[in-house]
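Visitor: Input upload_31.txt, format and content: compact mmCIF, C-alpha atoms and all ligand atoms.
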# COMPACT_ATOMS: atom_id res chain seq x y z
CA MET A 1 229.72 210.24 25.73
CA ALA A 2 228.00 208.06 28.32
CA LYS A 3 225.88 209.99 30.83
CA GLU A 4 227.16 208.94 34.22
CA TYR A 5 226.41 211.77 36.66
CA VAL A 6 223.55 213.89 37.99
CA PHE A 7 223.61 216.89 40.33
CA GLY A 8 220.73 217.33 42.79
CA VAL A 9 220.55 220.87 44.19
CA ASP A 10 218.33 222.01 47.07
CA LEU A 11 218.12 225.80 47.09
CA GLY A 12 217.05 227.29 50.40
CA GLY A 13 216.88 230.82 51.77
CA THR A 14 219.85 230.18 54.09
CA GLU A 15 221.96 227.55 52.34
CA ILE A 16 222.22 225.63 49.09
CA LYS A 17 222.73 221.88 49.41
CA PHE A 18 224.38 219.92 46.63
CA GLY A 19 224.51 216.21 45.87
CA LEU A 20 226.55 214.55 43.15
CA PHE A 21 225.15 211.18 42.09
CA ARG A 22 226.79 208.51 39.96
CA LEU A 23 224.57 206.37 37.74
CA GLU A 24 225.89 202.87 38.27
CA LYS A 25 224.35 201.22 35.24
CA GLU A 26 223.88 204.19 33.00
CA LEU A 27 220.16 204.88 32.75
CA GLU A 28 218.88 201.32 32.60
CA LYS A 29 218.72 199.99 36.10
CA GLU A 30 216.37 201.87 38.41
CA LEU A 31 217.48 202.85 41.93
CA GLU A 32 221.15 202.45 41.12
CA ARG A 33 222.23 205.99 41.78
CA THR A 34 224.90 206.47 44.35
CA LEU A 35 225.48 209.70 46.22
CA ILE A 36 229.23 210.24 45.81
CA GLY A 37 229.52 213.84 46.99
CA LYS A 38 227.54 216.13 49.26
CA TRP A 39 228.24 219.71 50.33
CA SER A 40 226.54 223.01 51.05
CA VAL A 41 227.23 226.74 50.78
CA LYS A 42 225.58 229.85 52.17
CA THR A 43 223.00 231.31 49.77
CA ASN A 44 224.17 234.56 48.18
CA LYS A 45 220.97 236.59 48.38
CA THR A 46 222.43 239.96 47.37
CA SER A 47 220.65 241.96 44.63
CA ASN A 48 217.31 240.18 45.16
CA GLY A 49 218.83 236.76 44.65
CA GLU A 50 220.19 237.64 41.19
CA LYS A 51 223.52 235.93 41.93
CA VAL A 52 222.08 232.60 43.07
CA ILE A 53 221.92 230.88 39.68
CA SER A 54 225.55 231.72 38.79
CA GLN A 55 226.54 230.63 42.31
CA ILE A 56 224.97 227.20 41.67
CA ALA A 57 226.65 226.96 38.26
CA GLU A 58 230.05 227.78 39.76
CA GLU A 59 229.67 225.20 42.54
CA THR A 60 228.69 222.36 40.17
CA GLU A 61 231.47 223.25 37.73
CA LYS A 62 234.02 223.41 40.55
CA LYS A 63 232.97 219.97 41.84
CA ALA A 64 233.03 218.43 38.34
CA LYS A 65 236.56 219.77 37.83
CA GLU A 66 237.68 218.48 41.25
CA LYS A 67 236.36 214.97 40.44
CA GLY A 68 237.66 214.99 36.86
CA ILE A 69 234.15 214.80 35.43
CA ASP A 70 233.60 215.90 31.83
CA LYS A 71 230.55 218.18 31.41
CA ASN A 72 229.30 215.92 28.60
CA SER A 73 229.01 212.98 30.98
CA VAL A 74 226.55 214.88 33.23
CA TYR A 75 222.98 213.83 32.51
CA GLY A 76 221.48 216.88 34.12
CA ILE A 77 221.06 219.18 37.11
CA GLY A 78 217.89 218.95 39.18
CA LEU A 79 217.14 222.10 41.16
CA CYS A 80 214.49 222.45 43.85
CA VAL A 81 213.40 225.89 45.03
CA PRO A 82 211.41 227.31 47.97
CA GLY A 83 208.45 228.49 45.91
CA PRO A 84 205.76 227.28 43.51
CA VAL A 85 206.80 225.98 40.08
CA ASP A 86 204.10 225.76 37.40
CA LYS A 87 203.58 223.09 34.75
CA TYR A 88 205.86 224.97 32.33
CA GLY A 89 208.77 224.93 34.79
CA LEU A 90 208.39 228.63 35.59
CA VAL A 91 209.23 229.54 39.19
CA ARG A 92 206.34 231.74 40.36
CA GLY A 93 208.23 233.70 42.98
CA CYS A 94 210.42 232.75 45.97
CA VAL A 95 209.86 235.25 48.80
CA ASN A 96 212.88 234.00 50.80
CA LEU A 97 215.25 234.66 47.91
CA GLY A 98 213.76 237.91 46.63
CA TRP A 99 212.76 236.25 43.35
CA GLY A 100 209.72 237.20 41.32
CA TYR A 101 208.80 234.98 38.36
CA LYS A 102 211.98 233.29 37.15
CA LYS A 103 212.99 230.82 34.42
CA ALA A 104 215.52 229.25 36.79
CA ALA A 105 216.18 226.02 34.87
CA GLU A 106 216.69 227.86 31.59
CA GLU A 107 219.10 230.34 33.18
CA LEU A 108 221.14 227.59 34.84
CA GLN A 109 221.21 225.59 31.62
CA ASN A 110 222.44 228.62 29.66
CA ILE A 111 225.39 229.12 32.00
CA THR A 112 226.41 225.47 32.51
CA GLY A 113 225.57 223.99 29.10
CA VAL A 114 224.03 221.05 31.00
CA LYS A 115 220.31 220.18 30.89
CA CYS A 116 218.45 221.47 33.95
CA ALA A 117 215.01 220.97 35.47
CA VAL A 118 213.37 222.78 38.37
CA LEU A 119 210.73 221.75 40.90
CA ASN A 120 209.34 222.89 44.24
CA ASP A 121 211.36 221.88 47.33
CA ALA A 122 208.50 220.15 49.16
CA ASP A 123 207.74 218.19 45.96
CA ALA A 124 211.43 217.21 45.74
CA ALA A 125 211.45 216.02 49.36
CA GLY A 126 208.30 213.98 48.64
CA LEU A 127 209.80 212.46 45.49
CA GLY A 128 213.05 211.68 47.33
CA GLU A 129 211.19 209.91 50.14
CA ALA A 130 208.91 208.15 47.64
CA VAL A 131 211.76 206.67 45.60
CA TYR A 132 214.65 206.34 48.07
CA GLY A 133 213.13 206.73 51.53
CA SER A 134 210.12 205.68 53.61
CA GLY A 135 207.82 205.42 50.60
CA ARG A 136 210.03 203.29 48.39
CA LYS A 137 207.73 200.26 48.52
CA TYR A 138 204.77 202.34 47.32
CA LYS A 139 203.56 204.08 44.18
CA ASN A 140 201.33 206.76 45.70
CA ILE A 141 202.44 208.81 48.66
CA VAL A 142 201.51 212.10 50.24
CA MET A 143 204.23 213.82 52.20
CA ALA A 144 203.88 216.64 54.71
CA THR A 145 207.03 218.53 55.72
CA ILE A 146 206.49 220.14 59.12
CA GLY A 147 209.17 222.74 59.78
CA THR A 148 209.12 226.51 60.30
CA GLY A 149 206.28 226.35 57.77
CA ILE A 150 204.43 223.35 56.37
CA GLY A 151 204.95 221.99 52.86
CA GLY A 152 203.14 219.19 51.11
CA ALA A 153 203.70 216.91 48.15
CA VAL A 154 201.68 214.38 46.22
CA ILE A 155 203.56 211.61 44.43
CA TYR A 156 201.20 209.74 42.14
CA ASN A 157 202.38 206.66 40.25
CA GLY A 158 205.93 207.55 41.25
CA LYS A 159 205.71 211.05 39.73
CA VAL A 160 205.28 214.50 41.26
CA LEU A 161 201.78 215.87 40.90
CA SER A 162 202.42 219.60 41.06
CA GLY A 163 199.22 220.85 39.44
CA SER A 164 198.51 223.50 36.88
CA ARG A 165 199.97 226.40 38.87
CA GLY A 166 202.18 224.41 41.21
CA ASN A 167 199.81 224.42 44.17
CA ALA A 168 198.76 220.76 44.38
CA GLY A 169 199.16 219.25 47.82
CA GLU A 170 199.88 222.57 49.59
CA ILE A 171 198.59 221.16 52.86
CA GLY A 172 200.13 224.00 54.91
CA HIS A 173 197.56 226.44 53.58
CA PHE A 174 194.49 224.25 53.93
CA LYS A 175 191.92 226.23 55.93
CA VAL A 176 191.40 224.55 59.27
CA ASN A 177 189.82 227.49 61.13
CA ILE A 178 187.48 229.75 59.16
CA ASN A 179 187.02 232.05 62.19
CA GLU A 180 190.71 233.00 62.51
CA THR A 181 191.46 236.73 62.16
CA GLU A 182 195.27 236.61 62.39
CA LYS A 183 197.08 236.35 59.09
CA CYS A 184 199.20 233.45 57.85
CA THR A 185 202.45 234.11 55.91
CA CYS A 186 200.37 233.60 52.74
CA GLY A 187 198.17 236.58 53.61
CA LYS A 188 195.03 234.57 54.30
CA CYS A 189 193.72 233.47 57.71
CA GLY A 190 193.21 230.15 59.45
CA CYS A 191 195.79 227.99 57.61
CA LEU A 192 197.05 224.69 59.03
CA GLU A 193 200.56 226.20 59.12
CA GLN A 194 199.43 228.79 61.70
CA TYR A 195 198.70 226.05 64.27
CA ALA A 196 200.87 223.06 63.45
CA SER A 197 204.22 224.39 62.17
CA ALA A 198 207.17 224.89 64.53
CA ARG A 199 206.06 228.52 64.75
CA GLY A 200 202.48 227.50 65.55
CA ILE A 201 203.56 225.04 68.24
CA LEU A 202 205.80 227.65 69.88
CA ASN A 203 203.03 230.25 69.74
CA TYR A 204 200.65 227.85 71.46
CA ALA A 205 203.12 227.36 74.30
CA LYS A 206 203.84 231.09 74.67
CA GLU A 207 200.15 232.03 74.69
CA ASN A 208 199.23 229.38 77.26
CA LEU A 209 202.29 229.44 79.52
CA LYS A 210 200.56 231.71 82.07
CA ASN A 211 197.97 228.98 82.69
CA TYR A 212 200.60 226.30 83.37
CA SER A 213 202.68 227.54 86.29
CA SER A 214 204.20 224.08 86.85
CA SER A 215 205.30 223.66 83.21
CA LEU A 216 209.00 222.86 82.72
CA LEU A 217 209.05 225.58 80.06
CA ASN A 218 208.98 228.20 82.80
CA ASP A 219 212.62 227.32 83.49
CA ILE A 220 213.85 227.47 79.89
CA SER A 221 214.49 230.86 78.30
CA ASN A 222 213.86 231.02 74.54
CA PHE A 223 212.64 227.43 74.40
CA THR A 224 212.50 225.60 71.06
CA VAL A 225 210.23 222.88 69.66
CA LYS A 226 213.01 220.41 70.48
CA ASP A 227 212.90 221.52 74.14
CA MET A 228 209.14 221.18 74.05
CA ALA A 229 209.37 217.62 72.69
CA GLN A 230 211.73 216.66 75.51
CA CYS A 231 209.37 218.19 78.10
CA ALA A 232 206.39 216.41 76.55
CA GLN A 233 208.28 213.12 76.90
CA LYS A 234 208.65 213.91 80.60
CA GLY A 235 204.89 214.37 80.84
CA ASP A 236 204.74 218.17 80.76
CA GLU A 237 201.06 219.03 80.35
CA LEU A 238 201.49 222.26 78.39
CA CYS A 239 203.87 220.67 75.87
CA THR A 240 201.67 217.62 75.50
CA ALA A 241 198.69 219.90 74.84
CA ALA A 242 200.68 221.91 72.26
CA PHE A 243 201.64 218.79 70.27
CA ASP A 244 198.15 217.39 70.67
CA THR A 245 196.70 220.57 69.16
CA ALA A 246 199.21 220.51 66.28
CA GLY A 247 198.49 216.79 65.77
CA LYS A 248 194.78 217.49 65.63
CA TYR A 249 195.17 219.99 62.81
CA ILE A 250 197.70 217.86 60.91
CA GLY A 251 195.40 214.84 61.25
CA LEU A 252 192.58 216.98 59.85
CA GLY A 253 194.77 218.13 56.95
CA LEU A 254 195.79 214.55 56.17
CA SER A 255 192.13 213.50 56.15
CA TYR A 256 191.50 216.09 53.39
CA MET A 257 194.52 214.75 51.52
CA ALA A 258 193.18 211.18 51.90
CA GLY A 259 189.83 212.32 50.53
CA ALA A 260 191.48 213.84 47.48
CA PHE A 261 194.23 211.29 46.73
CA ASP A 262 193.71 208.13 48.84
CA PRO A 263 197.49 207.46 48.93
CA ASP A 264 199.18 204.16 49.87
CA VAL A 265 200.97 205.90 52.77
CA PHE A 266 201.62 209.29 54.31
CA VAL A 267 205.18 210.35 55.08
CA ILE A 268 205.84 213.03 57.70
CA GLY A 269 209.15 214.89 57.55
CA GLY A 270 210.68 218.23 58.58
CA GLY A 271 212.20 219.36 61.88
CA VAL A 272 209.01 218.95 63.93
CA SER A 273 208.77 215.27 62.92
CA ASN A 274 211.98 214.68 64.91
CA ALA A 275 209.74 214.89 67.98
CA GLY A 276 208.71 211.32 67.05
CA ASP A 277 205.67 209.81 68.75
CA VAL A 278 205.05 213.04 70.65
CA ILE A 279 203.66 214.45 67.38
CA LEU A 280 203.02 211.31 65.29
CA LYS A 281 200.73 209.66 67.83
CA PRO A 282 198.19 212.52 68.01
CA VAL A 283 198.41 212.92 64.21
CA LYS A 284 197.43 209.28 63.78
CA GLU A 285 194.68 209.46 66.42
CA TYR A 286 193.03 212.52 64.90
CA PHE A 287 193.50 211.21 61.37
CA ASP A 288 191.60 208.07 62.40
CA LEU A 289 188.90 210.24 63.91
CA TYR A 290 188.41 212.53 60.90
CA SER A 291 189.06 210.26 57.90
CA PHE A 292 186.34 208.68 55.84
CA ASN A 293 185.54 204.98 55.53
CA THR A 294 188.64 202.77 55.09
CA GLU A 295 190.99 205.76 54.69
CA SER A 296 191.94 205.39 58.36
CA GLU A 297 193.90 202.26 57.37
CA THR A 298 196.45 204.50 55.61
CA GLU A 299 199.80 204.20 57.36
CA ILE A 300 201.60 207.32 58.56
CA LEU A 301 205.38 206.88 58.42
CA PRO A 302 208.23 209.14 59.56
CA ALA A 303 210.56 210.37 56.80
CA VAL A 304 214.07 208.85 56.80
CA LEU A 305 216.18 210.97 54.45
CA GLY A 306 216.26 214.06 56.68
CA ASN A 307 217.97 217.04 55.07
CA ASP A 308 219.01 214.94 52.06
CA ALA A 309 215.44 214.38 50.79
CA GLY A 310 215.60 217.45 48.52
CA ILE A 311 218.82 216.52 46.72
CA TYR A 312 217.61 212.94 46.20
CA GLY A 313 214.28 214.20 44.87
CA ALA A 314 215.94 216.75 42.58
CA CYS A 315 218.18 213.99 41.19
CA GLU A 316 215.22 211.68 40.66
CA TYR A 317 213.23 214.43 38.92
CA VAL A 318 215.98 214.76 36.33
CA MET A 319 216.19 210.97 35.92
CA GLN A 320 212.49 210.93 35.07
CA LYS A 321 213.00 213.24 32.07
CA GLU A 322 212.49 210.46 29.55
CA ASP A 323 212.82 212.73 26.53
CA TRP A 324 216.34 213.71 27.60
CA LYS A 325 217.47 210.12 27.03
CA LYS A 326 216.95 210.37 23.26
ZN ZN B 401 198.48 230.26 54.64
Can you turn what I pasted into structure tokens?

Guide:
Amino acid sequence: MAKEYVFGVDLGGTEIKFGLFRLEKELEKELERTLIGKWSVKTNKTSNGEKVISQIAEETEKKAKEKGIDKNSVYGIGLCVPGPVDKYGLVRGCVNLGWGYKKAAEELQNITGVKCAVLNDADAAGLGEAVYGSGRKYKNIVMATIGTGIGGAVIYNGKVLSGSRGNAGEIGHFKVNINETEKCTCGKCGCLEQYASARGILNYAKENLKNYSSSLLNDISNFTVKDMAQCAQKGDELCTAAFDTAGKYIGLGLSYMAGAFDPDVFVIGGGVSNAGDVILKPVKEYFDLYSFNTESETEILPAVLGNDAGIYGACEYVMQKEDWKK
């Protein structure tokens, strides 16, 4: 039976996003995959996340039934997870889900009877942007996802470079301050994520608010990064300083990435990137300042796929499984 469909699944600690893609010209013509269905459900994290895999299987089977899709016409299910995935496809723990080491793809495949592949969520977002988003004109991209935490991905020659243990491109845990004594979520100190994630930007504002009595933030209770971006656009000094500090550390992190991979472009995604030039301008300025030789010519582009990057990337990851085509 002709293989006409792929599921892209983005598993998060709060919700699971699903995309159903139709392959317009079977597997021959690149970039002809159309998203024909998109939905999400709340992640069932009971019993240390033991129910998640069967939850995903049920959702895909339900959708296939609803659309009249035969299981044998599904090429595969791509699943991205919020944790490292090694070169053997073993998930090496997902703290947000309660998972330890897990053979997630194998388990999903056993339940659904459809071929499955698993990758890290930041890698999936990078692959999605590289093939369908901002990076589609390029072969080599580095993506940084700036949200509550900071994720990174390296796409080399159109493929995910995840590394031996799944840690390649983990820009969020680059050391940018060796004198820091407070701990990062990873257990070490002085990571980029501590200063430039949404959490880091908010912390900066909270710690410095007492020195900025005229800041607009004084009038907003429980302010968010979005509030801060709006205040920065109005010229608020504290908010501008907070984004400038985050931009400095991100620019430094990107300069390390440029030194290691010299990509065609950088793509910046995640919730914080919605602040636009407020964050992208200082990132670019500090990147220019810290990068070596002609690396400063590397363009820094905003991501365009938003919350869909993961499902696109998970779909693409499956499509790249050449040996499945035999
Ligand atoms: Zn860290």

Visitor: Excluding range 242-258 of chain A and residues on its chain fewer than 6 positions from it, collect all residues at most 7 Å away from it, counting all atoms listed in the file, and give them as JSON, numbers by chain.

Guide: {"A": [171, 174, 176, 192, 195, 196, 201, 204, 205, 278, 279, 282, 283, 284, 286, 287, 290, 291, 295]}

Visitor: Report as a PyMOL selection string all protein, DNA and RNA residues lying within 9 Å of Gly276 in chain A, evaluated on all atoms listed in the file, omitting residues in the same chain fewer than 5 positions from it.

Guide: chain A and resi 229+281+302

Visitor: Show me which residues line ligand ZN 401 (chain B), defined as having an atom within 7 Å of a ligand atom where only C-alpha atoms and all ligand atoms count, and present them as an MDAnalysis selection string.

Guide: chainID A and resid 172:173 184:189 191 193

Visitor: What gap, in Å, lies between CA of Met143 in chain A and CA of Glu297 in chain A?

Guide: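 Result for CA of Met143 in chain A versus CA of Glu297 in chain A: 16.3 Å, one decimal.
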
Visitor: Which centre and which edge lengths, in Å to one decimal, describe the axis-aligned box that holds all listed atoms of range 288-301 of chain A after 6 Å is added on each side, as JSON?

Guide:
{"center_x": 195.5, "center_y": 207.4, "center_z": 59.3, "size_x": 31.8, "size_y": 22.3, "size_z": 21.2}

Visitor: Within 12 Å of Gly113 in chain A, counting all atoms listed in the file, which residues show up once you throw out same-chain ones fewer than 6 positions away? Write them as a PyMOL selection string, please.

Guide: chain A and resi 57+60-61+70-77+105-107

Visitor: Mind giving me the straight-line distance from CA of Leu161 in chain A to CA of Val118 in chain A in Å, one decimal?

Guide: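 The value is 13.7 Å.
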
Visitor: Can you tell me how far CA of Ile150 in chain A sits from CA of Leu301 in chain A, in Å to one decimal?

Guide: 16.6 Å

Visitor: Between A:Ala125, A:Ile300, A:Val154, A:Val52, single out the one closest to Lys139 in chain A, counting all atoms listed in the file.

Guide: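 So, comparing all the options, the nearest one is A:Val154.
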
Visitor: Restricting the calculation to all atoms listed in the file, which member of A:Ser214, A:Thr43, A:Asn120, A:Ser54 is positioned closest to Tyr317 in chain A?

Guide: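 Checking each of A:Ser214, A:Thr43, A:Asn120, A:Ser54 against Tyr317 in chain A, counting all atoms listed in the file, the winner is A:Asn120.
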
Visitor: From the set A:Tyr132, A:Val91, A:Thr14, A:Gly83, which residue has the shortest atom-to-atom contact distance to Asp308 in chain A, counting only C-alpha atoms?

Guide: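 Under the stated criterion, the closest residue is A:Tyr132.
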
Visitor: So, counting only C-alpha atoms, which residue among A:Met228, A:Ile311, A:Ala198, A:Leu127 is closest to Cys80 in chain A?

Guide: A:Ile311

Visitor: Counting all atoms listed in the file, what is within 9 Å of Val95 in chain A, bar same-chain residues fewer than 5 positions away, as a PDB file with C-alpha atoms, in the coordinates of the input?

Guide:
ATOM      1  CA  GLY A  13     216.880 230.820  51.770  1.00  0.00           C
ATOM      2  CA  PRO A  82     211.410 227.310  47.970  1.00  0.00           C
ATOM      3  CA  GLY A  83     208.450 228.490  45.910  1.00  0.00           C
ATOM      4  CA  GLY A 100     209.720 237.200  41.320  1.00  0.00           C
TER       5      GLY A 100
END

Visitor: Which residue gives the smallest distance to Pro263 in chain A among A:Glu285, A:Asp277, A:Glu299, A:Asp323, with all atoms listed in the file counted?

Guide: A:Glu299
